[in-house]
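For reference, final.pdb (PDB, C-alpha atoms):
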ATOM      1  CA  MET A  29      -0.193   2.778  -8.091
ATOM      2  CA  THR A  30       2.513   2.803  -5.452
ATOM      3  CA  PHE A  31       5.936   4.109  -4.498
ATOM      4  CA  SER A  32       8.304   2.159  -2.275
ATOM      5  CA  ILE A  33      11.842   1.574  -1.101
ATOM      6  CA  VAL A  34      13.578  -1.634  -0.044
ATOM      7  CA  ALA A  35      16.943  -1.440   1.685
ATOM      8  CA  ARG A  36      19.556  -3.090   3.886
ATOM      9  CA  CYS A  37      21.488  -1.369   6.660
ATOM     10  CA  PRO A  38      25.216  -2.041   6.130
ATOM     11  CA  SER A  39      26.062  -1.639   9.828
ATOM     12  CA  THR A  40      23.301  -3.714  11.451
ATOM     13  CA  GLY A  41      22.200  -6.038   8.636
ATOM     14  CA  LEU A  42      18.580  -4.993   9.145
ATOM     15  CA  LEU A  43      16.345  -5.292   6.081
ATOM     16  CA  GLY A  44      13.460  -2.933   5.445
ATOM     17  CA  VAL A  45      10.566  -1.915   3.219
ATOM     18  CA  ALA A  46       8.534   1.289   3.188
ATOM     19  CA  VAL A  47       5.630   1.860   0.825
ATOM     20  CA  ALA A  48       2.726   4.246   0.210
ATOM     21  CA  THR A  49      -0.206   4.272  -2.174
ATOM     22  CA  ALA A  50      -3.715   5.574  -2.847
ATOM     23  CA  VAL A  51      -5.541   2.379  -1.889
ATOM     24  CA  PRO A  52      -6.274   1.139   1.648
ATOM     25  CA  ALA A  53      -4.000  -1.139   3.686
ATOM     26  CA  VAL A  54      -0.906  -1.222   1.480
ATOM     27  CA  GLY A  55       1.011  -2.865   4.321
ATOM     28  CA  SER A  56      -1.162  -5.961   4.034
ATOM     29  CA  MET A  57      -0.307  -6.668   0.389
ATOM     30  CA  CYS A  58       2.958  -5.172  -0.854
ATOM     31  CA  PRO A  59       5.808  -5.515   1.700
ATOM     32  CA  PHE A  60       7.351  -8.894   2.464
ATOM     33  CA  THR A  61      10.467  -9.759   4.463
ATOM     34  CA  ARG A  62      12.253 -12.911   5.568
ATOM     35  CA  ALA A  63      15.034 -13.174   8.131
ATOM     36  CA  ASN A  64      18.488 -13.748   6.613
ATOM     37  CA  ALA A  65      16.981 -13.607   3.123
ATOM     38  CA  GLY A  66      15.632 -10.250   1.968
ATOM     39  CA  ALA A  67      13.014  -7.536   1.771
ATOM     40  CA  VAL A  68      10.567  -7.119  -1.118
ATOM     41  CA  SER A  69       7.836  -4.791  -2.312
ATOM     42  CA  THR A  70       5.545  -6.347  -4.912
ATOM     43  CA  GLN A  71       3.291  -3.743  -6.520
ATOM     44  CA  SER A  72       1.398  -2.488  -9.573
ATOM     45  CA  TRP A  73      -1.016  -5.402 -10.164
ATOM     46  CA  VAL A  74       0.231  -7.126  -7.020
ATOM     47  CA  ASN A  75       1.324 -10.757  -7.092
ATOM     48  CA  PRO A  76       2.304 -11.775  -3.544
ATOM     49  CA  TYR A  77       3.629 -15.083  -4.848
ATOM     50  CA  LEU A  78       6.417 -13.192  -6.608
ATOM     51  CA  ALA A  79       7.613 -11.863  -3.254
ATOM     52  CA  LEU A  80       7.244 -15.204  -1.527
ATOM     53  CA  GLY A  81       9.003 -16.973  -4.386
ATOM     54  CA  VAL A  82      11.878 -14.490  -4.413
ATOM     55  CA  LEU A  83      12.443 -14.801  -0.673
ATOM     56  CA  GLY A  84      12.300 -18.586  -0.854
ATOM     57  CA  ALA A  85      14.802 -18.643  -3.714
ATOM     58  CA  ILE A  86      17.186 -16.336  -1.849
ATOM     59  CA  ALA A  87      16.881 -18.505   1.269
ATOM     60  CA  GLY A  88      17.776 -21.448  -0.962
ATOM     61  CA  GLY A  89      21.031 -19.794  -2.034
ATOM     62  CA  MET A  90      20.171 -17.604  -5.031
ATOM     63  CA  SER A  91      21.261 -13.974  -5.321
ATOM     64  CA  ALA A  92      18.620 -11.251  -5.530
ATOM     65  CA  GLY A  93      19.064 -10.877  -9.295
ATOM     66  CA  ALA A  94      18.886 -14.591 -10.019
ATOM     67  CA  ALA A  95      15.871 -15.026  -7.747
ATOM     68  CA  LEU A  96      14.012 -12.197  -9.454
ATOM     69  CA  ASP A  97      14.705 -13.589 -12.930
ATOM     70  CA  CYS A  98      13.547 -17.021 -11.792
ATOM     71  CA  VAL A  99      10.179 -15.964 -10.378
ATOM     72  CA  LEU A 100       9.382 -13.536 -13.179
ATOM     73  CA  ALA A 101       9.949 -16.276 -15.756
ATOM     74  CA  GLY A 102       7.013 -18.158 -14.250
ATOM     75  CA  ASP A 103       4.558 -15.231 -14.241
ATOM     76  CA  SER A 104       2.703 -14.904 -17.532
ATOM     77  CA  ALA A 105       1.453 -11.447 -16.495
ATOM     78  CA  ARG A 106       4.881 -10.148 -15.490
ATOM     79  CA  GLU A 107       4.586  -7.069 -17.699
ATOM     80  CA  LEU A 108       1.863  -5.825 -15.329
ATOM     81  CA  ARG A 109       4.101  -6.245 -12.284
ATOM     82  CA  GLN A 110       6.563  -4.081 -10.462
ATOM     83  CA  ILE A 111       8.865  -5.431  -7.793
ATOM     84  CA  GLY A 112      11.895  -4.234  -5.849
ATOM     85  CA  LEU A 113      14.055  -6.373  -3.596
ATOM     86  CA  VAL A 114      17.242  -6.402  -1.595
ATOM     87  CA  ASP A 115      18.915  -9.518  -0.240
ATOM     88  CA  ALA A 116      20.820 -10.087   2.996
ATOM     89  CA  SER A 117      24.133  -9.331   1.271
ATOM     90  CA  GLY A 118      22.854  -5.932   0.117
ATOM     91  CA  GLU A 119      22.325  -6.763  -3.555
ATOM     92  CA  ALA A 120      19.326  -4.706  -4.710
ATOM     93  CA  VAL A 121      17.383  -5.110  -7.960
ATOM     94  CA  ALA A 122      14.033  -4.018  -9.376
ATOM     95  CA  PHE A 123      11.713  -4.786 -12.280
ATOM     96  CA  THR A 124       9.063  -2.604 -13.919
ATOM     97  CA  GLY A 125       6.870  -4.327 -16.474
ATOM     98  CA  ALA A 126       6.195  -2.703 -19.819
ATOM     99  CA  ASP A 127       2.449  -2.540 -19.083
ATOM    100  CA  CYS A 128       2.669  -0.791 -15.700
ATOM    101  CA  THR A 129       0.679   2.446 -15.526
ATOM    102  CA  PRO A 130       2.814   5.536 -16.227
ATOM    103  CA  TRP A 131       4.626   7.289 -14.908
ATOM    104  CA  CYS A 132       6.521   4.230 -13.761
ATOM    105  CA  GLY A 133      10.175   3.545 -13.103
ATOM    106  CA  GLN A 134      12.858   2.453 -10.693
ATOM    107  CA  GLU A 135      16.362   3.123  -9.421
ATOM    108  CA  ALA A 136      18.651   0.625  -7.704
ATOM    109  CA  GLY A 137      21.768   1.648  -5.811
ATOM    110  CA  GLU A 138      24.123   0.241  -3.216
ATOM    111  CA  GLY A 139      21.938  -1.612  -0.737
ATOM    112  CA  PHE A 140      18.598  -0.163  -1.882
ATOM    113  CA  ALA A 141      16.033   0.039  -4.659
ATOM    114  CA  VAL A 142      13.199   2.537  -5.143
ATOM    115  CA  GLN A 143      10.327   1.923  -7.524
ATOM    116  CA  GLY A 144       6.917   3.319  -8.333
ATOM    117  CA  ASN A 145       4.064   3.406 -10.814
ATOM    118  CA  MET A 146       1.117   5.719 -11.467
ATOM    119  CA  LEU A 147       3.305   8.507 -10.111
ATOM    120  CA  THR A 148       3.287  12.237 -10.838
ATOM    121  CA  GLY A 149       6.647  11.792 -12.599
ATOM    122  CA  PRO A 150      10.285  10.653 -12.385
ATOM    123  CA  GLU A 151      11.000  13.302  -9.754
ATOM    124  CA  VAL A 152       9.394  11.015  -7.152
ATOM    125  CA  ILE A 153      11.941   8.233  -7.638
ATOM    126  CA  ALA A 154      14.829  10.678  -7.951
ATOM    127  CA  ALA A 155      13.879  12.420  -4.687
ATOM    128  CA  MET A 156      13.575   9.128  -2.813
ATOM    129  CA  ALA A 157      16.950   7.866  -3.981
ATOM    130  CA  ALA A 158      18.621  11.171  -3.173
ATOM    131  CA  ALA A 159      17.129  11.273   0.324
ATOM    132  CA  PHE A 160      18.209   7.728   1.060
ATOM    133  CA  ARG A 161      21.767   8.343  -0.110
ATOM    134  CA  ALA A 162      21.975  11.599   1.854
ATOM    135  CA  SER A 163      20.968   9.880   5.102
ATOM    136  CA  ILE A 164      23.808   7.347   5.212
ATOM    137  CA  GLY A 165      24.919   6.655   8.774
ATOM    138  CA  THR A 166      21.454   7.045  10.325
ATOM    139  CA  PRO A 167      19.280   4.077  11.438
ATOM    140  CA  LEU A 168      17.431   2.217   8.724
ATOM    141  CA  ASP A 169      13.954   3.165   9.938
ATOM    142  CA  GLU A 170      14.907   6.838   9.666
ATOM    143  CA  ARG A 171      16.474   6.421   6.229
ATOM    144  CA  LEU A 172      13.353   4.685   4.910
ATOM    145  CA  MET A 173      11.115   7.329   6.442
ATOM    146  CA  ARG A 174      13.102  10.179   4.896
ATOM    147  CA  ALA A 175      12.939   8.513   1.479
ATOM    148  CA  MET A 176       9.170   8.168   1.746
ATOM    149  CA  GLU A 177       8.767  11.776   2.859
ATOM    150  CA  ALA A 178      10.868  12.925  -0.085
ATOM    151  CA  GLY A 179       8.791  10.907  -2.537
ATOM    152  CA  ASP A 180       5.566  12.180  -1.015
ATOM    153  CA  ALA A 181       6.763  15.793  -1.170
ATOM    154  CA  ALA A 182       7.787  15.332  -4.809
ATOM    155  CA  GLY A 183       4.267  14.289  -5.788
ATOM    156  CA  GLY A 184       3.909  10.595  -4.962
ATOM    157  CA  ASP A 185       0.914   8.700  -6.307
ATOM    158  CA  ARG A 186      -0.824  10.881  -8.895
ATOM    159  CA  ARG A 187      -4.274   9.864  -7.583
ATOM    160  CA  GLY A 188      -3.613  11.106  -4.064
ATOM    161  CA  ARG A 189      -2.855   9.501  -0.692
ATOM    162  CA  GLN A 190      -4.465   6.784   1.412
ATOM    163  CA  SER A 191      -2.114   4.309   3.155
ATOM    164  CA  ALA A 192       1.535   3.735   4.061
ATOM    165  CA  SER A 193       3.650   1.100   5.756
ATOM    166  CA  LEU A 194       7.136   0.569   7.183
ATOM    167  CA  ARG A 195       8.581  -2.861   8.034
ATOM    168  CA  LEU A 196      11.978  -3.860   9.419
ATOM    169  CA  GLN A 197      13.326  -7.407   9.547
ATOM    170  CA  GLY A 198      16.112  -8.549  11.840
ATOM    171  CA  PRO A 199      17.480 -12.046  12.465
ATOM    172  CA  GLU A 200      14.320 -13.327  14.173
ATOM    173  CA  ASP A 201      11.436 -14.898  12.280
ATOM    174  CA  TYR A 202       9.149 -12.076  13.425
ATOM    175  CA  PRO A 203       9.661  -8.487  12.220
ATOM    176  CA  ALA A 204      11.631  -5.998  14.262
ATOM    177  CA  LEU A 205       9.024  -3.373  13.340
ATOM    178  CA  ASP A 206       5.782  -3.452  11.351
ATOM    179  CA  LEU A 207       3.857  -0.171  11.202
ATOM    180  CA  ARG A 208       0.795   0.537   9.078
ATOM    181  CA  VAL A 209      -1.407   3.528   8.343
ATOM    182  CA  ASP A 210      -4.363   1.998   6.555
ATOM    183  CA  GLU A 211      -6.755   4.867   5.789
ATOM    184  CA  HIS A 212      -5.579   8.462   6.196
ATOM    185  CA  PRO A 213      -5.533  11.672   4.112
ATOM    186  CA  ARG A 214      -1.808  12.140   4.893
ATOM    187  CA  PRO A 215      -0.514   8.619   5.448
ATOM    188  CA  VAL A 216       3.216   9.341   5.162
ATOM    189  CA  ALA A 217       2.986  12.159   7.715
ATOM    190  CA  GLU A 218       0.919   9.915   9.975
ATOM    191  CA  LEU A 219       3.467   7.118   9.564
ATOM    192  CA  ARG A 220       6.148   9.526  10.794
ATOM    193  CA  ARG A 221       4.039  10.268  13.898
ATOM    194  CA  VAL A 222       3.400   6.589  14.598
ATOM    195  CA  LEU A 223       7.090   5.791  14.126
ATOM    196  CA  ALA A 224       8.038   8.373  16.754
ATOM    197  CA  ILE A 225       5.714   6.698  19.267
ATOM    198  CA  ALA A 226       6.857   3.203  18.262
ATOM    199  CA  ARG A 227      10.470   4.117  18.953
ATOM    200  CA  LEU A 228       9.553   4.976  22.537
ATOM    201  CA  GLN A 229       6.882   2.388  23.302
ATOM    202  CA  LEU A 230       7.077  -0.533  20.843
ATOM    203  CA  MET A 231      10.740  -0.993  19.959
ATOM    204  CA  PRO A 232      11.803  -1.468  23.617
ATOM    205  CA  PHE A 233       9.090  -4.124  23.963
ATOM    206  CA  VAL A 234      10.243  -5.962  20.819
ATOM    207  CA  ASP A 235      13.867  -5.766  21.993
ATOM    208  CA  GLY A 236      12.822  -7.708  25.107
ATOM    209  CA  MET A 237      10.883 -10.418  23.269
ATOM    210  CA  PRO A 238      12.251 -13.991  23.137
ATOM    211  CA  LYS A 239      15.092 -14.588  20.703
ATOM    212  CA  ARG A 240      15.874 -17.778  18.819
ATOM    213  CA  GLY A 241      18.437 -19.887  20.670
ATOM    214  CA  VAL A 242      18.265 -17.790  23.836
ATOM    215  CA  PRO A 243      16.308 -18.979  26.899
ATOM    216  CA  ALA A 244      13.182 -16.880  27.265
ATOM    217  CA  GLY A 245      13.097 -14.683  30.319
ATOM    218  CA  PRO A 246      10.774 -12.103  31.836
ATOM    219  CA  ALA A 247      10.110  -8.870  30.003
ATOM    220  CA  PRO A 248      12.430  -6.031  31.074
ATOM    221  CA  ALA A 249      11.076  -4.308  34.166
ATOM    222  CA  GLY A 250      11.317  -0.861  32.611
ATOM    223  CA  VAL A 251       9.231  -1.963  29.653
ATOM    224  CA  THR A 252       6.535  -3.637  31.735
ATOM    225  CA  SER A 253       6.183  -0.607  33.992
ATOM    226  CA  MET A 254       6.016   1.738  31.011
ATOM    227  CA  LEU A 255       3.362  -0.334  29.206
ATOM    228  CA  ALA A 256       1.314  -0.633  32.407
ATOM    229  CA  LEU A 257       0.587   3.081  32.033
ATOM    230  CA  SER A 258      -2.319   4.326  29.934
ATOM    231  CA  PRO A 259      -1.193   5.392  26.436
ATOM    232  CA  PRO A 260      -1.362   9.156  27.111
ATOM    233  CA  GLU A 261       0.914   8.711  30.145
ATOM    234  CA  ARG A 262       3.661   6.862  28.270
ATOM    235  CA  PRO A 263       6.677   8.478  26.562
ATOM    236  CA  GLY A 264       5.464  10.170  23.374
ATOM    237  CA  GLY A 265       1.825   9.794  24.382
ATOM    238  CA  GLY A 266       1.080  13.397  25.203
ATOM    239  CA  GLY A 267      -0.887  14.213  22.040
ATOM    240  CA  SER A 268      -3.197  12.502  19.611
ATOM    241  CA  GLY A 269      -1.490  13.902  16.492
ATOM    242  CA  PRO A 270      -3.245  14.546  13.189
ATOM    243  CA  ALA A 271      -6.871  13.485  12.918
TER     244      ALA A 271
END
For this file, write the structure as structure tokens.
Amino acid sequence: MTFSIVARCPSTGLLGVAVATAVPAVGSMCPFTRANAGAVSTQSWVNPYLALGVLGAIAGGMSAGAALDCVLAGDSARELRQIGLVDASGEAVAFTGADCTPWCGQEAGEGFAVQGNMLTGPEVIAAMAAAFRASIGTPLDERLMRAMEAGDAAGGDRRGRQSASLRLQGPEDYPALDLRVDEHPRPVAELRRVLAIARLQLMPFVDGMPKRGVPAGPAPAGVTSMLALSPPERPGGGGSGPA
């Protein structure tokens, strides 16, 4: 019922997940990340404890593959599950249960995995993987976005479109970015619009937030002055975008 990508940026170490589906609020149930551990999308008949278990196992020293095998062994309904994950070293793996709704499948490559079920066909996964590989050298948020756009253009969820999400995890316990489109006729396109605004208004704010082990200081003056403006007056705030 979902298509997603998990990935690690080889130059920055950032971890990320992007996902879209034809149910509301996919960002509240499928994507999970943990600093210095990994990024996961748990989907099909979602079991959040698989994602939490995988990230805990990786944090405890397991590789992505070993962690996935471990948590799946304890899930009696694993054939209904689909999960993709990448660890902090860049090892990426995925699992698609035999009872997932067709079309379903996955592809794992260097530093990424794409997976989906209830899709229009295998062209969705192929397009996502190709777009991600073709965007090497660009920031992770852009690479994830391009993969999602490619999957959406190739057909995506066979039922239609409703929600999308993009999450980045850096070294802090809080995410570097967490964007969600919860109810929209074109959620991937709307996610692209929101990302453009977040790059100008949100990412500078997050960059100035307290960091572990560093004395907290005041927010950067440029950020505070920018956010003191009304939203339409800020960078990127000139239009409301798609309805």
Selected residue of minimal separation from Gln197 in chain A among A:Asn75, A:Thr61, A:Thr70, A:Thr30, counting all atoms listed in the file: A:Thr61
Between CA of Ala116 in chain A and CA of Leu100 in chain A - distance in Å to one decimal: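 A separation of 20.1 Å between them.
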Point-to-point distance in Å for CA of Leu80 in chain A and CA of Asn64 in chain A: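 Computing it gives 14.0 Å between the two atoms.
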Ground truth for the PyMOL selection byres ((chain A and resi 224) around 12), written as JSON, numbers by chain: {"A": [169, 170, 173, 207, 217, 218, 219, 220, 221, 222, 223, 225, 226, 227, 228, 229, 230, 231, 263, 264, 265, 267, 269]}
Radius query 10 Å about (9.9, -14.2, 12.7), atoms used: all atoms listed in the file, as number ranges by chain: A: 61-63, 197-204, 239-240
Residues matched by the PyMOL selection byres ((chain A and resi 128-144) around 8), written as a VMD selection string: chain A and resid 29 to 38 72 107 to 114 118 to 127 145 to 150 153 to 154 156 to 157
